[in-house]
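First comes the structure, then the notes that go with it.
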Amino acid sequence: LEEKIRNRRVVAIMGGHGLARTAAGYRTVALIAKQLAEAGFLVATGGGPGAMEAAHFGAWMAYRSTADVEGALAILAESPEFADRESWLASALAVKTAYPRQAGANGTVADSLGIPTWHYGHEPPNVFASHVAKYFANSLREDGLLAIALAGVVFAPGSAGTIQEVFQDAAQNHYESSGVVSPMVFFGVDYWTNVKPVYPLLATLAEGHAYGSLLAIHDSVDEIVSTVMQHAS
């Protein structure tokens, strides 16, 4: 893992494992990851289904056209949720066959890093991550994933697990335990301010701290990617 992330700008994308492949948010997360991967970031997630798969799918589709992305999403839509493991897996493998990774102008393909855990047996790891670091203990997995994401973390809508990760990341930033303060970028203004009002609390917590200026919340792909890239530059 240390060799893989050395000299790389790692950005993590967190979000709910239940996000269906047919949901608008799945496509949005995929496009966020695609743009970040094309910009040279190493996209990392918890390696599971839902928003995590969307991120790896987006990185997998780096340097491909919008038409290719839509074609691949149509294949994935044949099995929108992971309840049917066999068809869920088969459709993902079909996408990998139909749309293999494509090199950019510099001749390199985009990597992504999945860090799943054995703890969640109901969360199958997705197949779009080019590299996998498998952890046995979920606590180490989550803290470790956040610790390596020095280029920032994008939080897509999620439930208890994602919210736990929000405050784990906040604690790392609050106490600067990694020696670096990183952006925390939230996708979904209504979700994070009204449905699960985490953002107002976090903004209050961050007042007077360096990471307070690195909090952002947006609905658009371009604004989220721009926020991450602005800090990286």
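Letters A, B, ... mark the chains of the structure tokens in the order given; residue numbers begin at 1 per chain; ligand numbers begin at 1, in order shown.
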
Contact check, region 143-180 of chain A to region 14-28 of chain A, at most 9 Å, counting only C-alpha atoms, closest pairs as CSV:
residue,atom,partner,partner_atom,distance
A:Val153,CA,A:Met14,CA,7.3
A:Val154,CA,A:Met14,CA,6.2
A:Phe155,CA,A:Met14,CA,4.9
A:Ala156,CA,A:Gly15,CA,4.5
A:Pro157,CA,A:Gly15,CA,5.4
A:Gly158,CA,A:Gly16,CA,3.9
A:Ser159,CA,A:Gly16,CA,6.2
A:Ala160,CA,A:Gly16,CA,8.8
A:Gly161,CA,A:Gly16,CA,7.6
A:Thr162,CA,A:Gly15,CA,5.6
A:Ile163,CA,A:Gly15,CA,8.8
A:Glu165,CA,A:Met14,CA,7.8
A:Val166,CA,A:Met14,CA,8.7

Resulting file, chosen residues, N, CA and C atoms, as a CSV table (one decimal), in the first residue's frame:
chain,number,residue,atom,x,y,z
A,153,VAL,N,-11.2,14.5,0.8
A,153,VAL,CA,-12.2,13.5,0.8
A,153,VAL,C,-13.5,14.1,0.3
A,154,VAL,N,-14.1,13.4,-0.6
A,154,VAL,CA,-15.5,13.8,-1.1
A,154,VAL,C,-16.5,12.9,-0.5
A,155,PHE,N,-17.5,13.5,0.1
A,155,PHE,CA,-18.5,12.7,0.8
A,155,PHE,C,-19.8,12.8,0.1
A,156,ALA,N,-20.2,11.7,-0.6
A,156,ALA,CA,-21.5,11.5,-1.2
A,156,ALA,C,-22.5,11.1,-0.1
A,157,PRO,N,-23.8,11.3,-0.4
A,157,PRO,CA,-24.8,10.9,0.6
A,157,PRO,C,-24.7,9.5,1.1
A,158,GLY,N,-24.8,9.3,2.4
A,158,GLY,CA,-24.7,8.0,3.0
A,158,GLY,C,-25.3,8.0,4.4
A,159,SER,N,-25.3,6.9,5.0
A,159,SER,CA,-26.0,6.8,6.3
A,159,SER,C,-24.9,6.7,7.4
A,160,ALA,N,-25.1,5.8,8.4
A,160,ALA,CA,-24.3,5.8,9.6
A,160,ALA,C,-22.8,5.6,9.3
A,161,GLY,N,-22.5,4.7,8.4
A,161,GLY,CA,-21.1,4.4,8.1
A,161,GLY,C,-20.4,5.7,7.5
A,162,THR,N,-21.1,6.3,6.6
A,162,THR,CA,-20.5,7.5,5.9
A,162,THR,C,-20.4,8.6,6.9
A,163,ILE,N,-21.4,8.8,7.8
A,163,ILE,CA,-21.4,9.9,8.8
A,163,ILE,C,-20.3,9.6,9.8
A,165,GLU,N,-17.5,8.2,9.1
A,165,GLU,CA,-16.2,8.6,8.4
A,165,GLU,C,-16.1,10.1,8.3
A,166,VAL,N,-17.2,10.8,8.2
A,166,VAL,CA,-17.1,12.3,8.2
A,166,VAL,C,-16.4,12.8,9.5

Near region 61-67 of chain A, counting only C-alpha atoms, which residues have an atom at most 10 Å away, once you skip same-chain residues fewer than 5 positions from it, shown as an mmCIF file with N, CA and C atoms, in the first residue's frame?
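Output file out-v3.cif follows:
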data_model
loop_
_atom_site.group_PDB
_atom_site.id
_atom_site.type_symbol
_atom_site.label_atom_id
_atom_site.label_comp_id
_atom_site.auth_asym_id
_atom_site.auth_seq_id
_atom_site.Cartn_x
_atom_site.Cartn_y
_atom_site.Cartn_z
ATOM 1 N N ALA A 30 -19.654 8.923 -10.329
ATOM 2 C CA ALA A 30 -18.778 8.377 -11.362
ATOM 3 C C ALA A 30 -18.081 9.486 -12.146
ATOM 4 N N LEU A 31 -18.810 10.533 -12.473
ATOM 5 C CA LEU A 31 -18.214 11.629 -13.234
ATOM 6 C C LEU A 31 -17.210 12.415 -12.402
ATOM 7 N N ALA A 33 -15.319 11.107 -10.031
ATOM 8 C CA ALA A 33 -14.131 10.261 -9.992
ATOM 9 C C ALA A 33 -13.413 10.245 -11.333
ATOM 10 N N LYS A 34 -14.169 10.226 -12.401
ATOM 11 C CA LYS A 34 -13.571 10.220 -13.746
ATOM 12 C C LYS A 34 -12.708 11.456 -13.953
ATOM 13 N N GLN A 35 -13.249 12.625 -13.613
ATOM 14 C CA GLN A 35 -12.492 13.861 -13.792
ATOM 15 C C GLN A 35 -11.269 13.915 -12.883
ATOM 16 N N LEU A 36 -11.420 13.450 -11.647
ATOM 17 C CA LEU A 36 -10.274 13.452 -10.732
ATOM 18 C C LEU A 36 -9.191 12.499 -11.220
ATOM 19 N N ALA A 37 -9.598 11.328 -11.706
ATOM 20 C CA ALA A 37 -8.625 10.364 -12.219
ATOM 21 C C ALA A 37 -7.903 10.922 -13.439
ATOM 22 N N GLU A 38 -8.644 11.592 -14.311
ATOM 23 C CA GLU A 38 -8.029 12.175 -15.505
ATOM 24 C C GLU A 38 -7.080 13.315 -15.147
ATOM 25 N N ALA A 39 -7.297 13.936 -13.978
ATOM 26 C CA ALA A 39 -6.421 15.012 -13.511
ATOM 27 C C ALA A 39 -5.190 14.473 -12.773
ATOM 28 N N ALA A 55 -17.469 5.358 -7.845
ATOM 29 C CA ALA A 55 -16.179 6.041 -7.921
ATOM 30 C C ALA A 55 -15.168 5.230 -8.716
ATOM 31 N N HIS A 56 -15.097 3.945 -8.447
ATOM 32 C CA HIS A 56 -14.143 3.110 -9.191
ATOM 33 C C HIS A 56 -14.552 2.947 -10.645
ATOM 34 N N ALA A 72 -21.893 2.137 -20.832
ATOM 35 C CA ALA A 72 -21.511 1.273 -19.713
ATOM 36 C C ALA A 72 -22.570 1.311 -18.613
ATOM 37 N N LEU A 73 -23.116 2.498 -18.353
ATOM 38 C CA LEU A 73 -24.169 2.609 -17.338
ATOM 39 C C LEU A 73 -25.409 1.806 -17.740
ATOM 40 N N VAL A 95 -19.058 -4.869 -18.427
ATOM 41 C CA VAL A 95 -18.570 -3.520 -18.693
ATOM 42 C C VAL A 95 -17.058 -3.525 -18.861
ATOM 43 N N LYS A 96 -16.360 -4.241 -18.004
ATOM 44 C CA LYS A 96 -14.900 -4.288 -18.092
ATOM 45 C C LYS A 96 -14.450 -4.892 -19.423
ATOM 46 N N TYR A 99 -15.549 -2.233 -22.216
ATOM 47 C CA TYR A 99 -14.866 -0.946 -22.097
ATOM 48 C C TYR A 99 -13.600 -1.098 -21.248
ATOM 49 N N PRO A 100 -12.558 -1.701 -21.801
ATOM 50 C CA PRO A 100 -11.312 -1.818 -21.034
ATOM 51 C C PRO A 100 -10.712 -0.440 -20.756
ATOM 52 N N ARG A 101 -9.853 -0.375 -19.765
ATOM 53 C CA ARG A 101 -9.247 0.914 -19.431
ATOM 54 C C ARG A 101 -8.524 1.497 -20.635
ATOM 55 N N GLN A 102 -8.654 2.794 -20.785
ATOM 56 C CA GLN A 102 -8.086 3.492 -21.941
ATOM 57 C C GLN A 102 -7.011 4.462 -21.469
ATOM 58 N N ALA A 103 -5.920 4.529 -22.194
ATOM 59 C CA ALA A 103 -4.823 5.418 -21.832
ATOM 60 C C ALA A 103 -5.138 6.852 -22.236
ATOM 61 N N GLY A 104 -4.628 7.776 -21.462
ATOM 62 C CA GLY A 104 -4.776 9.183 -21.782
ATOM 63 C C GLY A 104 -3.708 9.638 -22.755
ATOM 64 N N ALA A 105 -3.636 10.943 -22.972
ATOM 65 C CA ALA A 105 -2.678 11.492 -23.933
ATOM 66 C C ALA A 105 -1.235 11.215 -23.531
ATOM 67 N N VAL A 109 -2.803 4.783 -17.985
ATOM 68 C CA VAL A 109 -4.191 4.552 -17.621
ATOM 69 C C VAL A 109 -4.388 4.996 -16.169
ATOM 70 N N ALA A 110 -5.626 5.250 -15.806
ATOM 71 C CA ALA A 110 -5.947 5.724 -14.456
ATOM 72 C C ALA A 110 -6.107 4.536 -13.515
ATOM 73 N N ASP A 111 -5.428 4.583 -12.391
ATOM 74 C CA ASP A 111 -5.581 3.580 -11.343
ATOM 75 C C ASP A 111 -6.625 4.039 -10.338
ATOM 76 N N PHE A 128 -14.215 -2.872 -10.144
ATOM 77 C CA PHE A 128 -13.637 -1.806 -10.953
ATOM 78 C C PHE A 128 -12.351 -1.215 -10.364
#

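Proximity ranking of A:Ala171, A:Ala92, A:Ile115, A:Leu146 relative to Ala54 (chain A) places A:Ala92 first, based on only C-alpha atoms.
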
**OP:** Would you mind listing what lies within 12 Å of region 130-134 of chain A as a VMD selection string, with only C-alpha atoms counted and same-chain residues fewer than 4 positions away left out?
**Re:** chain A and resid 1 to 5 42 to 48 53 55 to 61 96 100 to 101 109 to 120 125 to 126 138 140 to 142 144 to 145

Original post:
Of the candidates A:Leu93, A:Ala149, A:Ala74, A:Ala216, which shows the shortest atom-to-atom distance to Gln172 (chain A), using only C-alpha atoms?
Top reply: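 Of the candidates, the smallest distance to Gln172 (chain A) is held by A:Ala149.
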
Subject >> Spatial neighbours of Ala147 (chain A), 10 Å, only C-alpha atoms, chain gap at least 6 places, as a list of chain:residue names >> reply: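 Returned residues: A:Val10, A:Ala12, A:Arg141, A:Gln168, A:Asp169, A:Gln172, A:Asn173, A:Ser177, A:Ser178, A:Val180, A:Ser182.
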
Original post:
In region 80-198 of chain A, what's helix (DSSP H, G or I) per DSSP? Answer as a PyMOL selection string?
Top reply: chain A and resi 85-98+138-148+160-174+189-195+198

**OP:** Show which residues sit within 12 Å of Asp190 (chain A), as a list in words. Count only C-alpha atoms, and ignore same-chain residues fewer than 2 positions away.
**Re:**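 Residues meeting the cut-off are Ala156, Pro157, Phe186, Phe187, Gly188, Trp192, Thr193, Asn194, Val195, Lys196, Pro197, Val198, Tyr199, Pro200, Ile217, His218 and Asp219 of chain A.
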
**OP:** In Å, rounded to a single decimal, give me how far CA of Gln230 (chain A) is from CA of Glu176 (chain A).
**Re:**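 According to the coordinates, CA of Glu176 (chain A) and CA of Gln230 (chain A) are separated by 19.9 Å.
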
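These are the residues of region 36-146 of chain A assigned strand (DSSP E) by DSSP from backbone coordinates: Leu42, Val43, Ala44, Thr45, Ser112, Leu113, Gly114, His131 and Val132 of chain A.
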
Original post:
To one decimal place, how far is CA of His231 (chain A) from CA of Leu201 (chain A) in Å?
Top reply: 22.7 Å
